[in-house]
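S.K.: The structure follows.
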Amino acid sequence: MVKRYRNFKELGDTVVLYPDDYINDIEGEKLEDLCASYLDRGFRKIVVDFSETELINSIGVSILIGVIEKVRERDANIYFSGLKRVNYDIFSIVGLTKHIRIFETEEDALGSGSKPVGQAVL
Amino acid sequence: MTETELSLERLLFNLNTLAELGEEITSPKDFTRVVKSSLYMVMGSFSSSRGAIFQHENGSGSYVPIASKGLGDIGGLKLKLNDEAVSELLKRREPVDLSSGGAGLLGAARETLEKIDARVLACLTVKDELLGLIAINGKFSGEPFTVYDFQLLSVMSQHISFSLHSHSLLMKLMHKYTENKNLYENLRRIYYDTIHAFAAAIDAKDSYTRGHSHRVSAYSAALAREMGWSNDEVEGIRIAGLLHDIGKITVDKTIINKASPLTSYECRELNSHPVIGYEILSKIKFPWKGIPMMTRNHHEKVDGTGYPDRLRKSEIPIGARIMALVDAFDAMTTDRPYRPRLSFREAICEVRDNWNRQFDPEVVHPFISVIRKEVRRETDNPTIVPLLQEEIDGASLNRLLDGFPRA
Ligand SMILES: [Fe+2]
């Protein structure tokens, strides 16, 4: 179920967050809170790695939009990585893929230069 | 993803959300949580970052927030609507686009809605009562709301209205069972309409099988009923019939419509559709049992030479055995890219020749008896015979069926 031991990883001012295998109910909102607390502590770059996430539904989408908004408010950067095909498709249906940088792997996301959120990769 | 595939994916995503919403509102979870989840589902569907659900406050003309997201603390906020505005909203029924002058009728509430950056307002109504409102901001993607979006929002609002209504009934300790039941009937119809729209989208991919999913659905239900299945089980196989070829949405159109024999690669592609269908459908929480497995195993044969699991007779779910027969029967009795349709006589001979090899006698017998009853006009609403493209008379049917092995 929840993999507490690899919930997050801190690297300088960057943190990698690993959400649960399902982001499909309002419990998922703890991701938003976690994100906010890292921003409060001065972290500037947030990578959300979805390689353990099987399924994101409409509730999950709404939570992730909340996460992105929080990061935008603070002028920090957010990147997604490790998306399974089905989840990538859902992101593209709701138009998220145009508004956030998505990388194949966590390593790719970590290696990327910091570009402001919302800079679309079209 | 191509345009059509994107819209099929979108339809599936929305269908799944509707199913989850249906499950959510009938769940025994506490009301606050149900409303919050419902709001998140709406917002996720339209990628909104700010939104709220308002409920009518008894004794005042105001609507107060009962769930919100992205708006911070809006506890003190109230939407004041006068009678005129309420009756205007009730008349419209459709969600209101606040950015295109639709807000004119709202009076003082308009300013409040502007404060929370609302772009679209949907009414939560039951009969002629405005129980509440959903307000959401524009899409995160910046794309405009389409006619389809408004329709989807309207359907979602009806679901949520039901929940609000049940809750207020419960609060008042008024158990109007019959009314509630009718409301739920409406919901069920919405659910069916959505699935029907989806079945049409599957069939549209194959120029030869227009209506195939609908016929497989109708035939399966008629046969299941003949076999003594309960109403609920019959509804389940009816839905499975509509969706059984859903896996074809990922198969290239040129393969599906090819007139010449398929290469082994093309064959593998086409034959992957039951497994893909299973993977898609097993993620949806249907109110009926067995739909994903019926889809997965509708190309199995009782002698174990079918696909994808090469199951034998009783290992194949009974629903899948029913669908295997009616699917093949419909394929035989309609034109295909590679051959014209067989006559009813030829199709029945084909079924007889593959008796106990491809088809299960336990299913073939009741199938024959439904057709016999329909030809003799012994059933009130015949399903199979009217959909066949030829007249069948009782005498020639008897001659044809005489040669059939007994169970
Ligand atoms: Fe099929």
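Following the order of the structure tokens, first chain is A, next is B, and so on, with residues numbered from 1 inside each chain and ligands from 1 in the order they appear.
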Mind listing as a list in words which residues of chain B are within 6 Å of chain A, counting only C-alpha atoms?
M.R.: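 So the contacting residues turn out to be Arg10, Tyr40, Met41, Met43, Gly44, Ser45, Ser47 and Ser141 of chain B.
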S.K.: For the selection just defined, write its residues with C-alpha atoms to a file, as a PDB file, in the first residue's frame.
M.R.:
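The resulting file, part.pdb, is shown below:
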```pdb
ATOM      1  CA  ARG B  10     -11.975  11.545 -23.156  1.00  0.00           C
ATOM      2  CA  TYR B  40     -13.279  17.432  -6.969  1.00  0.00           C
ATOM      3  CA  MET B  41     -14.600  15.108  -9.682  1.00  0.00           C
ATOM      4  CA  MET B  43     -13.208  20.191 -11.150  1.00  0.00           C
ATOM      5  CA  GLY B  44     -10.895  17.404 -12.324  1.00  0.00           C
ATOM      6  CA  SER B  45     -13.097  16.778 -15.346  1.00  0.00           C
ATOM      7  CA  SER B  47      -9.352  21.077 -15.012  1.00  0.00           C
ATOM      8  CA  SER B 141      -5.557  24.780 -19.842  1.00  0.00           C
TER       9      SER B 141
END
```
S.K.: Check which residues fall inside 7 Å of ligand 1 when counting only C-alpha atoms and all ligand atoms, and print them as JSON, numbers by chain.
M.R.: {"B": [244, 245, 273, 274, 298, 299]}
S.K.: Using only C-alpha atoms, please write the residues we just selected to a file, as a compact mmCIF listing (two decimals), in the first residue's frame.
M.R.:
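Output contents, as saved in out_18.txt:
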```txt
# COMPACT_ATOMS: atom_id res chain seq x y z
CA HIS B 244 -17.49 -6.11 -25.54
CA ASP B 245 -15.45 -4.80 -28.49
CA HIS B 273 -8.88 -6.50 -28.41
CA PRO B 274 -10.46 -8.77 -25.73
CA HIS B 298 -15.95 -13.51 -25.68
CA HIS B 299 -13.66 -15.15 -28.27
```
S.K.: Do you know which residues are at most 12 Å from Ser112 (chain A) counting only C-alpha atoms, after dropping those on the same chain fewer than 5 positions away, and could you put them as an MDAnalysis selection string?
M.R.: chainID A and resid 14 45:47 77:81 101:107
S.K.: Can you measure CA of Gly306 (chain B) to CA of Arg321 (chain B) for me? One decimal in Å is fine.
M.R.: 11.3 Å
S.K.: Please report the interatomic distance between CA of Lys29 (chain B) and CA of Ile160 (chain B) in Å with one decimal.
M.R.: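 We find that CA of Lys29 (chain B) and CA of Ile160 (chain B) lie 14.3 Å from each other.
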S.K.: Can you list, as JSON, numbers by chain, all residues belonging to region 24-87 of chain A that DSSP tags as alpha helix (DSSP H)?
M.R.: {"A": [30, 31, 32, 33, 34, 35, 36, 37, 38, 39, 40, 58, 59, 60, 61, 62, 63, 64, 65, 66, 67, 68, 69, 70, 71, 72, 73, 85, 86, 87]}
